[in-house]
There are 2 protein chains.
Amino acid sequence: MGEKTRGRLLIIGGAEDKTGPCLILRFFIELAGGDKAVVALITTATESPRQVAGEYRELFLQLGAAEVIHLDVSDRVAARSLRLTDRLTDVTGIFLTGGDQLRLTSILGGTSVSKWLHAAVRRGAVLAGTSAGAAAMTHIMIVSGREESAPKRSSVRLAPGLGFLEEVVVDQHFAERGRIGRLLAVVAQNPHILGLGLDEDTAVKCDPTGFFTVIGSGACTVVDGLTIGHSNVSDSGVGEPLALTQVTVHVLPAGYSFNLDGRKPGLADSTMD
Amino acid sequence: MGEKTRGRLLIIGGAEDKTGPCLILRFFIELAGGDKAVVALITTATESPRQVAGEYRELFLQLGAAEVIHLDVSDRVAARSLRLTDRLTDVTGIFLTGGDQLRLTSILGGTSVSKWLHAAVRRGAVLAGTSAGAAAMTHIMIVSGREESAPKRSSVRLAPGLGFLEEVVVDQHFAERGRIGRLLAVVAQNPHILGLGLDEDTAVKCDPTGFFTVIGSGACTVVDGLTIGHSNVSDSGVGEPLALTQVTVHVLPAGYSFNLDGRKPGLADSTMD
């Protein structure tokens, strides 16, 4: 961690379609070069790496990728001792699976895998992550937080993420798990941080300038705390309900876009007035 | 329905504390006159009127009310033929229990019970409602809507309510049932309507000028669509995800207030800049 890189990102809210049109995964393969795509699969977040890798490998090959390499890194020893072969230099797309984001970052952080990851993205590889993989892509990430409750000061824990997007925190399975409370708690504590809540089977493609577009069947809920008028976060006790006024919220389904620079929502193809 | 009255209201988000300090119910009895309170209990929303009435009667008497009258109105025949006795003229507080809001309004609407209710509130009686009872108090109310999902055009149904608060829609069990999606859907369709989402064991006391204060252990989430920049509600198909930009959200726990006139959040005792 500590390293920051701007590149092409595909941030996925979990449970992306794997049996129907597979829009999001198809788009990932396209971004990674279509029939020339060389995909590296990082299963570090999950405790079932072989099963998860098998499933994604089959899908990516079906969707036309040239090659799928499973980086089976399950602990820090493996992360430190990964041999960075020529094959890995050819990687055009990296996919971070779901599981536990703290597991992912605590294993990869500061290791050669992490260095390789940053170098690959700087070189132009697209980095995708789903569920915990998505949450971990940013500079600061959500570790845990109470769902389906009024936001409280203690309702959310943050930790360093992998460093690919600054000033943004990503939450996933968003509508399905009633997570707006914890995103509100994040922006209350850190109003300069933009909250992005991704529903299942929904993704944002983010380019290096910070412009992103939404794809998939749900929505990306943007929680912007820069407009906050008042919050009690500095005086409420742990467990006390948070008060927040004037938070700005955007609900953006497929076809919509958002510019992190200026924090402006828009249509995918043009700006909105 | 059709009749509109401005009076003192206590709008409760459901599952109010009945075994501990009973803050909200205690406050209701206080508003209704304390040891002079004559409470009318309307159980029309529930299919278990006797059980529910028994529970509330005991509580209200324990909390010091002088008298509790159970208006056991379970169908329109009873609603039309209710004898409006002198006892009912003395009522200082009315309590609408939980259950089904459409059942409540479809039974009471346009009957002598409804007329009596409006007259009592105009006379100064405080009207309280919890859960479905809270939802039904407004001029327009939420009937149903999909929970825990990205808001869609079809995700919420509205119907006429009892008419005690205009330009406001109330949802309850708010954080607990992940209901922000359906409140966003309401304001998307009707940006002039203010959405109030009440958590469990949380209430807003609303006075006739439209100033309300929050009490209880959760929060009142205010969803203000007047600031909406763009919505796709007129062009999205039924079932398509809604797009909304620039919605203003306030999260107000106990100690905070909101002025419907001007739509300004504040502290309970003073205005906030």
# chains A, B, ... in the order shown; residues from 1 in each chain; ligands from 1
$ residues_around --residues "B:Gly7" --least-positions-apart "6" --cutoff "7 Å" --atoms "only C-alpha atoms" --output "short mmCIF file (atom, residue, chain, number, x, y, z; two decimals) with all heavy atoms, in the first residue's frame"
data_model
loop_
_atom_site.label_atom_id
_atom_site.label_comp_id
_atom_site.auth_asym_id
_atom_site.auth_seq_id
_atom_site.Cartn_x
_atom_site.Cartn_y
_atom_site.Cartn_z
N VAL B 121 -58.99 16.83 15.87
CA VAL B 121 -57.65 17.42 15.69
C VAL B 121 -57.76 18.94 15.56
O VAL B 121 -56.95 19.69 16.10
CB VAL B 121 -56.94 16.80 14.47
CG1 VAL B 121 -55.64 17.52 14.17
CG2 VAL B 121 -56.66 15.31 14.72
N ARG B 122 -58.82 19.41 14.90
CA ARG B 122 -59.02 20.86 14.78
C ARG B 122 -59.27 21.48 16.15
O ARG B 122 -58.86 22.59 16.44
CB ARG B 122 -60.21 21.17 13.87
CG ARG B 122 -59.83 21.26 12.40
CD ARG B 122 -60.93 21.94 11.58
NE ARG B 122 -62.21 21.26 11.71
CZ ARG B 122 -62.62 20.26 10.94
NH1 ARG B 122 -61.83 19.79 9.97
NH2 ARG B 122 -63.80 19.70 11.11
N GLY B 124 -57.94 20.49 18.80
CA GLY B 124 -56.72 20.53 19.58
C GLY B 124 -56.20 19.18 20.05
O GLY B 124 -55.15 19.11 20.69
N ASP B 207 -45.88 20.31 14.53
CA ASP B 207 -46.91 21.25 15.00
C ASP B 207 -47.65 21.85 13.81
O ASP B 207 -47.27 21.65 12.66
CB ASP B 207 -46.30 22.28 15.95
CG ASP B 207 -45.47 23.32 15.25
OD1 ASP B 207 -45.67 23.56 14.04
OD2 ASP B 207 -44.58 23.89 15.91
N PRO B 208 -48.76 22.57 14.05
CA PRO B 208 -49.61 23.03 12.94
C PRO B 208 -48.90 23.96 11.95
O PRO B 208 -49.34 24.09 10.81
CB PRO B 208 -50.76 23.78 13.65
CG PRO B 208 -50.81 23.17 15.01
CD PRO B 208 -49.39 22.86 15.37
#
$ closest_atom_pairs --of "chain B" --to "chain A" --cutoff "8 Å" --atoms "only C-alpha atoms" --output "JSON lines"
{"residue": "B:Glu148", "atom": "CA", "partner": "A:Glu176", "partner_atom": "CA", "distance": 5.0}
{"residue": "B:Ser149", "atom": "CA", "partner": "A:Ala175", "partner_atom": "CA", "distance": 4.8}
{"residue": "B:Ala150", "atom": "CA", "partner": "A:Ala175", "partner_atom": "CA", "distance": 5.6}
{"residue": "B:Ala175", "atom": "CA", "partner": "A:Ser149", "partner_atom": "CA", "distance": 4.8}
{"residue": "B:Glu176", "atom": "CA", "partner": "A:Glu148", "partner_atom": "CA", "distance": 5.1}
{"residue": "B:Arg177", "atom": "CA", "partner": "A:Glu148", "partner_atom": "CA", "distance": 6.8}
{"residue": "B:Gly178", "atom": "CA", "partner": "A:Gly178", "partner_atom": "CA", "distance": 4.8}
{"residue": "B:Gly181", "atom": "CA", "partner": "A:Ala175", "partner_atom": "CA", "distance": 7.7}
{"residue": "B:Asp199", "atom": "CA", "partner": "A:Ala150", "partner_atom": "CA", "distance": 7.3}
{"residue": "B:Ser217", "atom": "CA", "partner": "A:Pro241", "partner_atom": "CA", "distance": 7.7}
{"residue": "B:Gly218", "atom": "CA", "partner": "A:Ala150", "partner_atom": "CA", "distance": 6.1}
{"residue": "B:Ala219", "atom": "CA", "partner": "A:Ala150", "partner_atom": "CA", "distance": 6.3}
{"residue": "B:Pro241", "atom": "CA", "partner": "A:Pro253", "partner_atom": "CA", "distance": 6.2}
{"residue": "B:Leu242", "atom": "CA", "partner": "A:Pro253", "partner_atom": "CA", "distance": 7.0}
{"residue": "B:Ala243", "atom": "CA", "partner": "A:Leu252", "partner_atom": "CA", "distance": 5.1}
{"residue": "B:Leu244", "atom": "CA", "partner": "A:Val251", "partner_atom": "CA", "distance": 5.0}
{"residue": "B:Thr245", "atom": "CA", "partner": "A:His250", "partner_atom": "CA", "distance": 4.3}
{"residue": "B:Gln246", "atom": "CA", "partner": "A:His250", "partner_atom": "CA", "distance": 5.6}
{"residue": "B:Val247", "atom": "CA", "partner": "A:Val249", "partner_atom": "CA", "distance": 5.1}
{"residue": "B:Thr248", "atom": "CA", "partner": "A:Thr248", "partner_atom": "CA", "distance": 4.9}
{"residue": "B:Val249", "atom": "CA", "partner": "A:Val247", "partner_atom": "CA", "distance": 5.1}
{"residue": "B:His250", "atom": "CA", "partner": "A:Thr245", "partner_atom": "CA", "distance": 4.3}
{"residue": "B:Val251", "atom": "CA", "partner": "A:Leu244", "partner_atom": "CA", "distance": 5.0}
{"residue": "B:Leu252", "atom": "CA", "partner": "A:Ala243", "partner_atom": "CA", "distance": 5.1}
{"residue": "B:Pro253", "atom": "CA", "partner": "A:Ala243", "partner_atom": "CA", "distance": 6.0}
{"residue": "B:Pro265", "atom": "CA", "partner": "A:Thr245", "partner_atom": "CA", "distance": 6.9}
$ residues_around --residues "A:Gln189" --least-positions-apart "4" --cutoff "9 Å" --atoms "only C-alpha atoms" --output "list in words"
Arg153, Leu184, Ala185, Ile193, Ser231, Val233 and Ser234 of chain A
$ atom_distance --atom1 "atom CA of A:Pro191" --atom2 "atom CA of A:Leu226"
5.4 Å
$ select_by_dssp --residues "stretch 74-241 of chain B" --states "helix (DSSP H, G or I)" --output "MDAnalysis selection string"
chainID B and resid 76:80 86:89 101:108 112:123 132:135 153:155 180:189 225:227
$ closest_residue --among "B:Ala78, B:Val170, B:Leu25, B:Leu10" --to "B:Arg57" --atoms "only C-alpha atoms"
B:Leu25
$ residues_around --residues "stretch 107-117 of chain B" --least-positions-apart "3" --cutoff "9 Å" --atoms "only C-alpha atoms" --output "ChimeraX atom specification"
/B:1-3,44-45,73-84,88-89,94,102-104,120-122,127,161-162
$ residues_around --residues "B:Ser144" --least-positions-apart "4" --cutoff "10 Å" --atoms "only C-alpha atoms" --output "list in words"
Asp100, Gln101, Leu102, Ser155, Val156, Arg157, Leu158, Ala159, Asp171 and Arg182 of chain B
$ write_last_selection --atoms "C-alpha atoms" --output "PDB file, in the first residue's frame"
ATOM      1  CA  ASP B 100     -51.948  -2.149   6.953  1.00  0.00           C
ATOM      2  CA  GLN B 101     -52.349   1.481   5.900  1.00  0.00           C
ATOM      3  CA  LEU B 102     -54.592   0.729   2.958  1.00  0.00           C
ATOM      4  CA  SER B 155     -41.252   0.284  -7.063  1.00  0.00           C
ATOM      5  CA  VAL B 156     -43.775   2.301  -5.163  1.00  0.00           C
ATOM      6  CA  ARG B 157     -47.559   2.643  -5.070  1.00  0.00           C
ATOM      7  CA  LEU B 158     -49.254   5.696  -3.612  1.00  0.00           C
ATOM      8  CA  ALA B 159     -52.826   6.209  -2.448  1.00  0.00           C
ATOM      9  CA  ASP B 171     -42.200   5.653   5.416  1.00  0.00           C
ATOM     10  CA  ARG B 182     -38.890   3.488  -2.372  1.00  0.00           C
TER      11      ARG B 182
END
$ select_by_dssp --residues "stretch 11-219 of chain B" --states "strand (DSSP E)" --output "ChimeraX atom specification"
/B:11-12,38-42,67-71,93-96,126-130,140-145,156-160,168-171,194-198,202-206,211-216,219
$ atom_distance --atom1 "atom CA of B:Leu260" --atom2 "atom CA of B:Val187"
15.1 Å
$ atom_distance --atom1 "atom CA of B:Thr130" --atom2 "atom CA of A:Leu183"
27.8 Å
$ residues_around --residues "B:Ala136" --least-positions-apart "3" --cutoff "9 Å" --atoms "only C-alpha atoms" --output "JSON, numbers by chain"
{"B": [96, 101, 102, 104, 105, 129, 131, 132, 133, 139, 140, 141, 142, 143, 160, 161, 162, 163, 164, 169, 170]}
$ residues_around --residues "B:Leu71" --least-positions-apart "5" --cutoff "8 Å" --atoms "only C-alpha atoms" --output "list in words"
Ala40, Leu41, Ile42 and Thr43 of chain B
$ write_last_selection --atoms "C-alpha atoms" --output "PDB file, in the first residue's frame"
ATOM      1  CA  ALA B  40     -59.045   7.161  21.690  1.00  0.00           C
ATOM      2  CA  LEU B  41     -57.358   4.053  20.299  1.00  0.00           C
ATOM      3  CA  ILE B  42     -58.088   3.288  16.623  1.00  0.00           C
ATOM      4  CA  THR B  43     -57.059  -0.274  15.747  1.00  0.00           C
TER       5      THR B  43
END
$ decode --residues "stretch 197-211 of chain B" --atoms "N, CA, C and O atoms" --output "mmCIF file, in the first residue's frame"
data_model
loop_
_atom_site.group_PDB
_atom_site.id
_atom_site.type_symbol
_atom_site.label_atom_id
_atom_site.label_comp_id
_atom_site.auth_asym_id
_atom_site.auth_seq_id
_atom_site.Cartn_x
_atom_site.Cartn_y
_atom_site.Cartn_z
ATOM 1 N N GLY B 197 -38.405 9.378 6.219
ATOM 2 C CA GLY B 197 -38.211 7.970 6.554
ATOM 3 C C GLY B 197 -37.917 7.847 8.034
ATOM 4 O O GLY B 197 -36.901 8.344 8.519
ATOM 5 N N LEU B 198 -38.812 7.203 8.769
ATOM 6 C CA LEU B 198 -38.652 7.086 10.215
ATOM 7 C C LEU B 198 -38.157 5.704 10.597
ATOM 8 O O LEU B 198 -38.764 4.691 10.221
ATOM 9 N N ASP B 199 -37.081 5.669 11.358
ATOM 10 C CA ASP B 199 -36.585 4.396 11.856
ATOM 11 C C ASP B 199 -37.496 3.894 12.976
ATOM 12 O O ASP B 199 -38.358 4.620 13.480
ATOM 13 N N GLU B 200 -37.289 2.652 13.369
ATOM 14 C CA GLU B 200 -38.053 2.113 14.495
ATOM 15 C C GLU B 200 -37.716 2.873 15.775
ATOM 16 O O GLU B 200 -36.633 3.418 15.918
ATOM 17 N N ASP B 201 -38.676 2.922 16.676
ATOM 18 C CA ASP B 201 -38.530 3.636 17.953
ATOM 19 C C ASP B 201 -38.049 5.079 17.751
ATOM 20 O O ASP B 201 -37.216 5.599 18.489
ATOM 21 N N THR B 202 -38.593 5.713 16.726
ATOM 22 C CA THR B 202 -38.249 7.099 16.410
ATOM 23 C C THR B 202 -39.540 7.803 15.999
ATOM 24 O O THR B 202 -40.403 7.182 15.380
ATOM 25 N N ALA B 203 -39.681 9.073 16.370
ATOM 26 C CA ALA B 203 -40.904 9.784 16.006
ATOM 27 C C ALA B 203 -40.593 11.240 15.701
ATOM 28 O O ALA B 203 -39.571 11.776 16.137
ATOM 29 N N VAL B 204 -41.477 11.859 14.917
ATOM 30 C CA VAL B 204 -41.404 13.305 14.768
ATOM 31 C C VAL B 204 -42.681 13.910 15.303
ATOM 32 O O VAL B 204 -43.785 13.414 15.054
ATOM 33 N N LYS B 205 -42.495 14.959 16.116
ATOM 34 C CA LYS B 205 -43.636 15.706 16.598
ATOM 35 C C LYS B 205 -43.773 16.901 15.670
ATOM 36 O O LYS B 205 -42.842 17.683 15.517
ATOM 37 N N CYS B 206 -44.931 17.002 15.026
ATOM 38 C CA CYS B 206 -45.137 18.037 14.034
ATOM 39 C C CYS B 206 -46.206 19.001 14.539
ATOM 40 O O CYS B 206 -47.289 18.569 14.948
ATOM 41 N N ASP B 207 -45.883 20.306 14.532
ATOM 42 C CA ASP B 207 -46.911 21.245 14.998
ATOM 43 C C ASP B 207 -47.651 21.848 13.806
ATOM 44 O O ASP B 207 -47.266 21.653 12.655
ATOM 45 N N PRO B 208 -48.765 22.574 14.051
ATOM 46 C CA PRO B 208 -49.609 23.030 12.943
ATOM 47 C C PRO B 208 -48.901 23.957 11.949
ATOM 48 O O PRO B 208 -49.339 24.085 10.811
ATOM 49 N N THR B 209 -47.776 24.554 12.353
ATOM 50 C CA THR B 209 -47.066 25.424 11.409
ATOM 51 C C THR B 209 -46.139 24.620 10.499
ATOM 52 O O THR B 209 -45.497 25.180 9.608
ATOM 53 N N GLY B 210 -46.004 23.302 10.748
ATOM 54 C CA GLY B 210 -45.130 22.488 9.910
ATOM 55 C C GLY B 210 -43.713 22.375 10.438
ATOM 56 O O GLY B 210 -42.792 21.978 9.725
ATOM 57 N N PHE B 211 -43.513 22.746 11.703
ATOM 58 C CA PHE B 211 -42.195 22.607 12.317
ATOM 59 C C PHE B 211 -42.172 21.292 13.070
ATOM 60 O O PHE B 211 -43.074 21.012 13.857
#
